[in-house]
Amino acid sequence: MAKGALLALALAGCAKNGEMAADAGGVAAAAVASPEGAFLAYEHDVQVQLPAEQIAPRIQQIAQACQSAKFGDCAVLQVNQRSGERPDGEVRVRIAPKGTEPLIALAGEGGTVQSRNTRAEDLAQQVADTALTKARLEKEHARLLSYQDRKDLKVEELLAVTARLSEIEAGVEQANKDSAQQRRRIDTQLVTVHFDTTSGQRSRSEIGEALSESGSILSTSVAFLIRAAAALLPVAIIALLCGWGIRTWWRRRRRKA
């Protein structure tokens, strides 16, 4: 019983702090359930290995599934795709919590989920601060509106009140935007899937790249040697002339001696 209680407290502490990491599979799948009333913004990073020819179609498949709301409300935020000897790519979406696991399962279908990291940021303090700021601004706005209706208000005071009302309205609008963004992060989850080729294909592509680059490496080396020889040639000529001159002078000196 004591061990069970300690485990429950540890899990509750992790949920409160809002930061967690999980391996691929069931552990990560269980970690996405947000506690009731929590303000947690979940993010998932997944590394998937697929055969090279399947990467581009899979990226399109995920993007289309998201855009068609196949797994619930979803928005495609970013799509990267690179071809060549070692094709890879990346898809980033923001999706309703219930669609997170089906989307990740689709990404890894026919391949290998190499790693998965799930983390959550606790936005409870940010949500509370935004609500407090909005309530304070709205209260001040109501007070200034009542003050603005006074008959004995001077022109300069009226101008000051009007300017402050404009500032307050801008502040309320910004608070509404912040609140909407926070709510969006809480109600949806950010999923980033990175695609790479399998280890065998990477090895073959590296060998192919090395062979294809061997010609350019050889030509670069030969060009370097030619440039080095051209640069050293004047120095060598001058050294030979100096040596010949010193030798001639030494012979003449010996003859005179």
# chains A, B, ... in the order shown; residues from 1 in each chain; ligands from 1
>>> residues_around(residues="range 89-97 of chain A", least_positions_apart="6", cutoff="7 Å", atoms="only C-alpha atoms", output="PDB file with all heavy atoms, in the first residue's frame")
ATOM      1  N   ILE A  59       4.323  11.437 -45.969  1.00  0.00           N
ATOM      2  CA  ILE A  59       4.167  12.841 -45.584  1.00  0.00           C
ATOM      3  C   ILE A  59       2.879  13.415 -46.157  1.00  0.00           C
ATOM      4  O   ILE A  59       2.112  14.098 -45.463  1.00  0.00           O
ATOM      5  CB  ILE A  59       5.395  13.657 -46.046  1.00  0.00           C
ATOM      6  CG1 ILE A  59       6.629  13.269 -45.225  1.00  0.00           C
ATOM      7  CG2 ILE A  59       5.135  15.155 -45.917  1.00  0.00           C
ATOM      8  CD1 ILE A  59       7.898  13.926 -45.694  1.00  0.00           C
ATOM      9  N   GLY A  72     -10.087  13.978 -36.346  1.00  0.00           N
ATOM     10  CA  GLY A  72     -10.573  15.086 -35.532  1.00  0.00           C
ATOM     11  C   GLY A  72     -10.002  16.407 -36.021  1.00  0.00           C
ATOM     12  O   GLY A  72      -9.277  16.462 -37.021  1.00  0.00           O
ATOM     13  N   ASP A  73     -10.360  17.474 -35.328  1.00  0.00           N
ATOM     14  CA  ASP A  73      -9.879  18.799 -35.711  1.00  0.00           C
ATOM     15  C   ASP A  73      -8.359  18.806 -35.789  1.00  0.00           C
ATOM     16  O   ASP A  73      -7.669  18.353 -34.868  1.00  0.00           O
ATOM     17  CB  ASP A  73     -10.339  19.848 -34.690  1.00  0.00           C
ATOM     18  CG  ASP A  73     -11.853  20.033 -34.715  1.00  0.00           C
ATOM     19  OD1 ASP A  73     -12.465  19.698 -35.741  1.00  0.00           O
ATOM     20  OD2 ASP A  73     -12.416  20.513 -33.712  1.00  0.00           O
ATOM     21  N   CYS A  74      -7.844  19.350 -36.890  1.00  0.00           N
ATOM     22  CA  CYS A  74      -6.402  19.286 -37.127  1.00  0.00           C
ATOM     23  C   CYS A  74      -5.990  20.409 -38.065  1.00  0.00           C
ATOM     24  O   CYS A  74      -6.755  20.803 -38.956  1.00  0.00           O
ATOM     25  CB  CYS A  74      -6.020  17.922 -37.722  1.00  0.00           C
ATOM     26  SG  CYS A  74      -4.246  17.672 -37.935  1.00  0.00           S
ATOM     27  N   ALA A  75      -4.797  20.938 -37.859  1.00  0.00           N
ATOM     28  CA  ALA A  75      -4.246  21.978 -38.723  1.00  0.00           C
ATOM     29  C   ALA A  75      -2.793  21.651 -39.019  1.00  0.00           C
ATOM     30  O   ALA A  75      -2.010  21.352 -38.105  1.00  0.00           O
ATOM     31  CB  ALA A  75      -4.350  23.349 -38.065  1.00  0.00           C
ATOM     32  N   VAL A  76      -2.425  21.691 -40.303  1.00  0.00           N
ATOM     33  CA  VAL A  76      -1.036  21.448 -40.708  1.00  0.00           C
ATOM     34  C   VAL A  76      -0.252  22.744 -40.515  1.00  0.00           C
ATOM     35  O   VAL A  76      -0.590  23.784 -41.070  1.00  0.00           O
ATOM     36  CB  VAL A  76      -0.954  20.996 -42.176  1.00  0.00           C
ATOM     37  CG1 VAL A  76       0.500  20.786 -42.587  1.00  0.00           C
ATOM     38  CG2 VAL A  76      -1.745  19.710 -42.385  1.00  0.00           C
ATOM     39  N   LEU A  77       0.803  22.685 -39.725  1.00  0.00           N
ATOM     40  CA  LEU A  77       1.613  23.861 -39.431  1.00  0.00           C
ATOM     41  C   LEU A  77       2.874  23.938 -40.274  1.00  0.00           C
ATOM     42  O   LEU A  77       3.323  25.017 -40.621  1.00  0.00           O
ATOM     43  CB  LEU A  77       1.993  23.879 -37.946  1.00  0.00           C
ATOM     44  CG  LEU A  77       0.838  23.829 -36.941  1.00  0.00           C
ATOM     45  CD1 LEU A  77       1.372  23.867 -35.514  1.00  0.00           C
ATOM     46  CD2 LEU A  77      -0.130  24.977 -37.179  1.00  0.00           C
ATOM     47  N   GLN A  78       3.435  22.774 -40.603  1.00  0.00           N
ATOM     48  CA  GLN A  78       4.699  22.779 -41.347  1.00  0.00           C
ATOM     49  C   GLN A  78       4.897  21.436 -42.033  1.00  0.00           C
ATOM     50  O   GLN A  78       4.592  20.385 -41.462  1.00  0.00           O
ATOM     51  CB  GLN A  78       5.873  23.059 -40.400  1.00  0.00           C
ATOM     52  CG  GLN A  78       7.221  23.162 -41.087  1.00  0.00           C
ATOM     53  CD  GLN A  78       8.345  23.479 -40.106  1.00  0.00           C
ATOM     54  OE1 GLN A  78       8.102  23.693 -38.919  1.00  0.00           O
ATOM     55  NE2 GLN A  78       9.564  23.500 -40.590  1.00  0.00           N
ATOM     56  N   VAL A  79       5.406  21.481 -43.270  1.00  0.00           N
ATOM     57  CA  VAL A  79       5.749  20.273 -44.024  1.00  0.00           C
ATOM     58  C   VAL A  79       7.106  20.509 -44.679  1.00  0.00           C
ATOM     59  O   VAL A  79       7.276  21.459 -45.450  1.00  0.00           O
ATOM     60  CB  VAL A  79       4.691  19.939 -45.101  1.00  0.00           C
ATOM     61  CG1 VAL A  79       5.158  18.751 -45.929  1.00  0.00           C
ATOM     62  CG2 VAL A  79       3.342  19.644 -44.464  1.00  0.00           C
ATOM     63  N   ASN A  80       8.080  19.651 -44.367  1.00  0.00           N
ATOM     64  CA  ASN A  80       9.403  19.697 -44.982  1.00  0.00           C
ATOM     65  C   ASN A  80       9.670  18.353 -45.650  1.00  0.00           C
ATOM     66  O   ASN A  80       9.390  17.309 -45.063  1.00  0.00           O
ATOM     67  CB  ASN A  80      10.493  19.975 -43.939  1.00  0.00           C
ATOM     68  CG  ASN A  80      10.408  21.381 -43.382  1.00  0.00           C
ATOM     69  OD1 ASN A  80       9.998  22.302 -44.076  1.00  0.00           O
ATOM     70  ND2 ASN A  80      10.768  21.546 -42.127  1.00  0.00           N
ATOM     71  N   GLN A  81      10.225  18.410 -46.861  1.00  0.00           N
ATOM     72  CA  GLN A  81      10.526  17.174 -47.580  1.00  0.00           C
ATOM     73  C   GLN A  81      11.781  17.365 -48.406  1.00  0.00           C
ATOM     74  O   GLN A  81      11.911  18.351 -49.145  1.00  0.00           O
ATOM     75  CB  GLN A  81       9.350  16.787 -48.485  1.00  0.00           C
ATOM     76  CG  GLN A  81       9.549  15.479 -49.231  1.00  0.00           C
ATOM     77  CD  GLN A  81       8.354  15.139 -50.112  1.00  0.00           C
ATOM     78  OE1 GLN A  81       7.226  15.528 -49.810  1.00  0.00           O
ATOM     79  NE2 GLN A  81       8.606  14.430 -51.196  1.00  0.00           N
ATOM     80  N   ARG A  82      12.728  16.450 -48.246  1.00  0.00           N
ATOM     81  CA  ARG A  82      13.996  16.518 -48.969  1.00  0.00           C
ATOM     82  C   ARG A  82      14.220  15.195 -49.693  1.00  0.00           C
ATOM     83  O   ARG A  82      14.104  14.123 -49.081  1.00  0.00           O
ATOM     84  CB  ARG A  82      15.147  16.812 -48.001  1.00  0.00           C
ATOM     85  CG  ARG A  82      15.119  18.215 -47.420  1.00  0.00           C
ATOM     86  CD  ARG A  82      16.066  18.369 -46.252  1.00  0.00           C
ATOM     87  NE  ARG A  82      15.582  17.625 -45.090  1.00  0.00           N
ATOM     88  CZ  ARG A  82      14.712  18.112 -44.214  1.00  0.00           C
ATOM     89  NH1 ARG A  82      14.237  19.339 -44.370  1.00  0.00           N
ATOM     90  NH2 ARG A  82      14.319  17.394 -43.168  1.00  0.00           N
ATOM     91  N   ASP A 187      -6.377  22.865 -25.565  1.00  0.00           N
ATOM     92  CA  ASP A 187      -7.408  22.022 -26.176  1.00  0.00           C
ATOM     93  C   ASP A 187      -6.881  21.160 -27.316  1.00  0.00           C
ATOM     94  O   ASP A 187      -7.552  20.215 -27.735  1.00  0.00           O
ATOM     95  CB  ASP A 187      -8.560  22.895 -26.691  1.00  0.00           C
ATOM     96  CG  ASP A 187      -9.313  23.568 -25.550  1.00  0.00           C
ATOM     97  OD1 ASP A 187      -9.207  23.079 -24.407  1.00  0.00           O
ATOM     98  OD2 ASP A 187      -9.996  24.580 -25.795  1.00  0.00           O
ATOM     99  N   THR A 188      -5.705  21.506 -27.867  1.00  0.00           N
ATOM    100  CA  THR A 188      -5.108  20.714 -28.945  1.00  0.00           C
ATOM    101  C   THR A 188      -3.684  20.326 -28.559  1.00  0.00           C
ATOM    102  O   THR A 188      -3.130  20.850 -27.585  1.00  0.00           O
ATOM    103  CB  THR A 188      -5.085  21.496 -30.266  1.00  0.00           C
ATOM    104  OG1 THR A 188      -4.283  22.685 -30.100  1.00  0.00           O
ATOM    105  CG2 THR A 188      -6.485  21.898 -30.690  1.00  0.00           C
ATOM    106  N   GLN A 189      -3.094  19.431 -29.329  1.00  0.00           N
ATOM    107  CA  GLN A 189      -1.739  18.965 -29.047  1.00  0.00           C
ATOM    108  C   GLN A 189      -0.859  19.134 -30.286  1.00  0.00           C
ATOM    109  O   GLN A 189      -1.313  18.908 -31.409  1.00  0.00           O
ATOM    110  CB  GLN A 189      -1.764  17.507 -28.588  1.00  0.00           C
ATOM    111  CG  GLN A 189      -2.549  17.311 -27.301  1.00  0.00           C
ATOM    112  CD  GLN A 189      -2.501  15.894 -26.787  1.00  0.00           C
ATOM    113  OE1 GLN A 189      -1.900  15.009 -27.393  1.00  0.00           O
ATOM    114  NE2 GLN A 189      -3.145  15.664 -25.647  1.00  0.00           N
ATOM    115  N   LEU A 190       0.380  19.528 -30.030  1.00  0.00           N
ATOM    116  CA  LEU A 190       1.346  19.733 -31.117  1.00  0.00           C
ATOM    117  C   LEU A 190       2.095  18.434 -31.361  1.00  0.00           C
ATOM    118  O   LEU A 190       2.720  17.882 -30.449  1.00  0.00           O
ATOM    119  CB  LEU A 190       2.324  20.842 -30.747  1.00  0.00           C
ATOM    120  CG  LEU A 190       3.345  21.251 -31.817  1.00  0.00           C
ATOM    121  CD1 LEU A 190       2.642  21.868 -33.019  1.00  0.00           C
ATOM    122  CD2 LEU A 190       4.357  22.225 -31.238  1.00  0.00           C
ATOM    123  N   VAL A 191       2.041  17.940 -32.603  1.00  0.00           N
ATOM    124  CA  VAL A 191       2.688  16.680 -32.963  1.00  0.00           C
ATOM    125  C   VAL A 191       3.676  16.949 -34.101  1.00  0.00           C
ATOM    126  O   VAL A 191       3.293  17.479 -35.148  1.00  0.00           O
ATOM    127  CB  VAL A 191       1.663  15.613 -33.396  1.00  0.00           C
ATOM    128  CG1 VAL A 191       2.381  14.319 -33.771  1.00  0.00           C
ATOM    129  CG2 VAL A 191       0.650  15.359 -32.286  1.00  0.00           C
ATOM    130  N   THR A 192       4.932  16.600 -33.880  1.00  0.00           N
ATOM    131  CA  THR A 192       5.972  16.746 -34.903  1.00  0.00           C
ATOM    132  C   THR A 192       6.536  15.370 -35.211  1.00  0.00           C
ATOM    133  O   THR A 192       7.046  14.692 -34.317  1.00  0.00           O
ATOM    134  CB  THR A 192       7.101  17.675 -34.428  1.00  0.00           C
ATOM    135  OG1 THR A 192       6.553  18.934 -34.033  1.00  0.00           O
ATOM    136  CG2 THR A 192       8.111  17.900 -35.541  1.00  0.00           C
ATOM    137  N   VAL A 193       6.447  14.951 -36.482  1.00  0.00           N
ATOM    138  CA  VAL A 193       6.937  13.641 -36.911  1.00  0.00           C
ATOM    139  C   VAL A 193       8.117  13.849 -37.853  1.00  0.00           C
ATOM    140  O   VAL A 193       7.988  14.532 -38.876  1.00  0.00           O
ATOM    141  CB  VAL A 193       5.837  12.825 -37.615  1.00  0.00           C
ATOM    142  CG1 VAL A 193       6.359  11.436 -37.964  1.00  0.00           C
ATOM    143  CG2 VAL A 193       4.599  12.715 -36.730  1.00  0.00           C
ATOM    144  N   HIS A 194       9.266  13.268 -37.493  1.00  0.00           N
ATOM    145  CA  HIS A 194      10.472  13.336 -38.320  1.00  0.00           C
ATOM    146  C   HIS A 194      10.642  11.987 -39.028  1.00  0.00           C
ATOM    147  O   HIS A 194      10.633  10.936 -38.377  1.00  0.00           O
ATOM    148  CB  HIS A 194      11.703  13.630 -37.464  1.00  0.00           C
ATOM    149  CG  HIS A 194      11.552  14.807 -36.548  1.00  0.00           C
ATOM    150  ND1 HIS A 194      11.890  16.090 -36.919  1.00  0.00           N
ATOM    151  CD2 HIS A 194      11.078  14.887 -35.283  1.00  0.00           C
ATOM    152  CE1 HIS A 194      11.638  16.899 -35.912  1.00  0.00           C
ATOM    153  NE2 HIS A 194      11.147  16.197 -34.904  1.00  0.00           N
ATOM    154  N   PHE A 195      10.811  12.030 -40.330  1.00  0.00           N
ATOM    155  CA  PHE A 195      10.985  10.809 -41.122  1.00  0.00           C
ATOM    156  C   PHE A 195      12.426  10.709 -41.611  1.00  0.00           C
ATOM    157  O   PHE A 195      13.019  11.696 -42.049  1.00  0.00           O
ATOM    158  CB  PHE A 195      10.043  10.810 -42.325  1.00  0.00           C
ATOM    159  CG  PHE A 195       8.591  10.670 -41.966  1.00  0.00           C
ATOM    160  CD1 PHE A 195       7.774  11.785 -41.897  1.00  0.00           C
ATOM    161  CD2 PHE A 195       8.038   9.429 -41.686  1.00  0.00           C
ATOM    162  CE1 PHE A 195       6.440  11.676 -41.559  1.00  0.00           C
ATOM    163  CE2 PHE A 195       6.706   9.300 -41.349  1.00  0.00           C
ATOM    164  CZ  PHE A 195       5.902  10.429 -41.290  1.00  0.00           C
ATOM    165  N   ASP A 196      12.962   9.487 -41.544  1.00  0.00           N
ATOM    166  CA  ASP A 196      14.315   9.219 -42.038  1.00  0.00           C
ATOM    167  C   ASP A 196      14.329   7.838 -42.671  1.00  0.00           C
ATOM    168  O   ASP A 196      13.441   7.012 -42.417  1.00  0.00           O
ATOM    169  CB  ASP A 196      15.326   9.293 -40.893  1.00  0.00           C
ATOM    170  CG  ASP A 196      16.746   9.491 -41.401  1.00  0.00           C
ATOM    171  OD1 ASP A 196      16.929   9.572 -42.627  1.00  0.00           O
ATOM    172  OD2 ASP A 196      17.668   9.565 -40.568  1.00  0.00           O
TER     173      ASP A 196
END
>>> select_by_dssp(residues="range 76-185 of chain A", states="alpha helix (DSSP H)", output="ChimeraX atom specification")
/A:100-108,124-148,155-185
>>> residues_around(residues="Arg185 in chain A", least_positions_apart="6", cutoff="9 Å", atoms="only C-alpha atoms", output="PyMOL selection string")
chain A and resi 40-42+94+123
>>> select_by_dssp(residues="range 18-247 of chain A", states="strand (DSSP E or B)", output="JSON, numbers by chain")
{"A": [40, 41, 42, 43, 44, 45, 46, 47, 48, 49, 50, 74, 75, 76, 77, 78, 79, 80, 81, 82, 88, 89, 90, 91, 92, 93, 94, 95, 112, 113, 114, 115, 116, 117, 118, 119, 120, 121, 122, 189, 190, 191, 192, 193, 194, 195, 196, 197]}
>>> residues_around(residues="range 49-55 of chain A", least_positions_apart="3", cutoff="9 Å", atoms="only C-alpha atoms", output="MDAnalysis selection string")
chainID A and resid 58:60 81 83 85:89 108:114 194:199 201
>>> atom_distance(atom1="CA of Asp129 in chain A", atom2="CA of Ala163 in chain A")
24.5 Å
>>> residues_around(residues="range 175-179 of chain A", least_positions_apart="2", cutoff="12 Å", atoms="only C-alpha atoms", output="PyMOL selection string")
chain A and resi 39+123-138+168-173+181-186
>>> write_last_selection(atoms="N, CA and C atoms", output="JSON list (two decimals), in the first residue's frame")
[["chain", "number", "residue", "atom", "x", "y", "z"],
["A", 39, "PHE", "N", -4.32, 22.55, -16.88],
["A", 39, "PHE", "CA", -4.06, 23.46, -18.01],
["A", 39, "PHE", "C", -2.72, 23.07, -18.62],
["A", 123, "LEU", "N", 0.24, 25.57, -18.11],
["A", 123, "LEU", "CA", -0.14, 26.96, -18.40],
["A", 123, "LEU", "C", -1.08, 27.53, -17.34],
["A", 124, "ALA", "N", -1.22, 26.86, -16.21],
["A", 124, "ALA", "CA", -2.17, 27.32, -15.20],
["A", 124, "ALA", "C", -1.87, 28.74, -14.75],
["A", 125, "GLN", "N", -0.59, 29.05, -14.50],
["A", 125, "GLN", "CA", -0.23, 30.40, -14.03],
["A", 125, "GLN", "C", -0.48, 31.43, -15.12],
["A", 126, "GLN", "N", -0.13, 31.10, -16.37],
["A", 126, "GLN", "CA", -0.36, 32.03, -17.46],
["A", 126, "GLN", "C", -1.85, 32.32, -17.66],
["A", 127, "VAL", "N", -2.67, 31.28, -17.58],
["A", 127, "VAL", "CA", -4.12, 31.45, -17.72],
["A", 127, "VAL", "C", -4.66, 32.34, -16.61],
["A", 128, "ALA", "N", -4.20, 32.11, -15.38],
["A", 128, "ALA", "CA", -4.67, 32.91, -14.24],
["A", 128, "ALA", "C", -4.23, 34.36, -14.39],
["A", 129, "ASP", "N", -2.99, 34.58, -14.81],
["A", 129, "ASP", "CA", -2.50, 35.95, -14.98],
["A", 129, "ASP", "C", -3.27, 36.69, -16.06],
["A", 130, "THR", "N", -3.55, 36.01, -17.16],
["A", 130, "THR", "CA", -4.31, 36.65, -18.25],
["A", 130, "THR", "C", -5.72, 37.00, -17.80],
["A", 131, "ALA", "N", -6.37, 36.09, -17.08],
["A", 131, "ALA", "CA", -7.73, 36.36, -16.59],
["A", 131, "ALA", "C", -7.73, 37.52, -15.60],
["A", 132, "LEU", "N", -6.72, 37.57, -14.74],
["A", 132, "LEU", "CA", -6.62, 38.66, -13.76],
["A", 132, "LEU", "C", -6.40, 40.00, -14.44],
["A", 133, "THR", "N", -5.51, 40.00, -15.44],
["A", 133, "THR", "CA", -5.25, 41.25, -16.19],
["A", 133, "THR", "C", -6.51, 41.73, -16.90],
["A", 134, "LYS", "N", -7.22, 40.83, -17.53],
["A", 134, "LYS", "CA", -8.44, 41.20, -18.24],
["A", 134, "LYS", "C", -9.49, 41.75, -17.28],
["A", 135, "ALA", "N", -9.67, 41.09, -16.13],
["A", 135, "ALA", "CA", -10.66, 41.55, -15.16],
["A", 135, "ALA", "C", -10.30, 42.93, -14.62],
["A", 136, "ARG", "N", -9.01, 43.16, -14.36],
["A", 136, "ARG", "CA", -8.60, 44.47, -13.85],
["A", 136, "ARG", "C", -8.83, 45.56, -14.88],
["A", 137, "LEU", "N", -8.50, 45.29, -16.13],
["A", 137, "LEU", "CA", -8.70, 46.28, -17.20],
["A", 137, "LEU", "C", -10.18, 46.58, -17.41],
["A", 138, "GLU", "N", -11.00, 45.54, -17.40],
["A", 138, "GLU", "CA", -12.43, 45.76, -17.59],
["A", 138, "GLU", "C", -13.04, 46.56, -16.45],
["A", 168, "ILE", "N", -6.78, 50.94, -22.49],
["A", 168, "ILE", "CA", -7.42, 49.81, -21.81],
["A", 168, "ILE", "C", -8.07, 48.87, -22.81],
["A", 169, "GLU", "N", -8.73, 49.41, -23.82],
["A", 169, "GLU", "CA", -9.38, 48.58, -24.83],
["A", 169, "GLU", "C", -8.36, 47.76, -25.60],
["A", 170, "ALA", "N", -7.20, 48.38, -25.89],
["A", 170, "ALA", "CA", -6.14, 47.63, -26.57],
["A", 170, "ALA", "C", -5.60, 46.52, -25.67],
["A", 171, "GLY", "N", -5.49, 46.81, -24.37],
["A", 171, "GLY", "CA", -5.03, 45.80, -23.43],
["A", 171, "GLY", "C", -6.01, 44.64, -23.31],
["A", 172, "VAL", "N", -7.30, 44.95, -23.30],
["A", 172, "VAL", "CA", -8.32, 43.90, -23.22],
["A", 172, "VAL", "C", -8.28, 43.03, -24.48],
["A", 173, "GLU", "N", -8.10, 43.68, -25.63],
["A", 173, "GLU", "CA", -8.02, 42.92, -26.88],
["A", 173, "GLU", "C", -6.82, 41.97, -26.88],
["A", 181, "GLN", "N", -5.07, 31.95, -27.45],
["A", 181, "GLN", "CA", -3.89, 31.16, -27.78],
["A", 181, "GLN", "C", -3.62, 30.10, -26.71],
["A", 182, "GLN", "N", -3.76, 30.49, -25.46],
["A", 182, "GLN", "CA", -3.57, 29.53, -24.36],
["A", 182, "GLN", "C", -4.61, 28.41, -24.43],
["A", 183, "ARG", "N", -5.85, 28.80, -24.71],
["A", 183, "ARG", "CA", -6.91, 27.80, -24.80],
["A", 183, "ARG", "C", -6.64, 26.85, -25.96],
["A", 184, "ARG", "N", -6.12, 27.38, -27.05],
["A", 184, "ARG", "CA", -5.81, 26.55, -28.22],
["A", 184, "ARG", "C", -4.72, 25.55, -27.89],
["A", 185, "ARG", "N", -3.70, 25.98, -27.17],
["A", 185, "ARG", "CA", -2.61, 25.07, -26.79],
["A", 185, "ARG", "C", -3.08, 23.99, -25.82],
["A", 186, "ILE", "N", -4.06, 24.33, -24.99],
["A", 186, "ILE", "CA", -4.57, 23.36, -24.02],
["A", 186, "ILE", "C", -5.52, 22.37, -24.68]]
>>> closest_residue(among="A:Ala120, A:Leu232, A:Ala239, A:Leu225", to="Glu43 in chain A", atoms="only C-alpha atoms")
A:Ala120
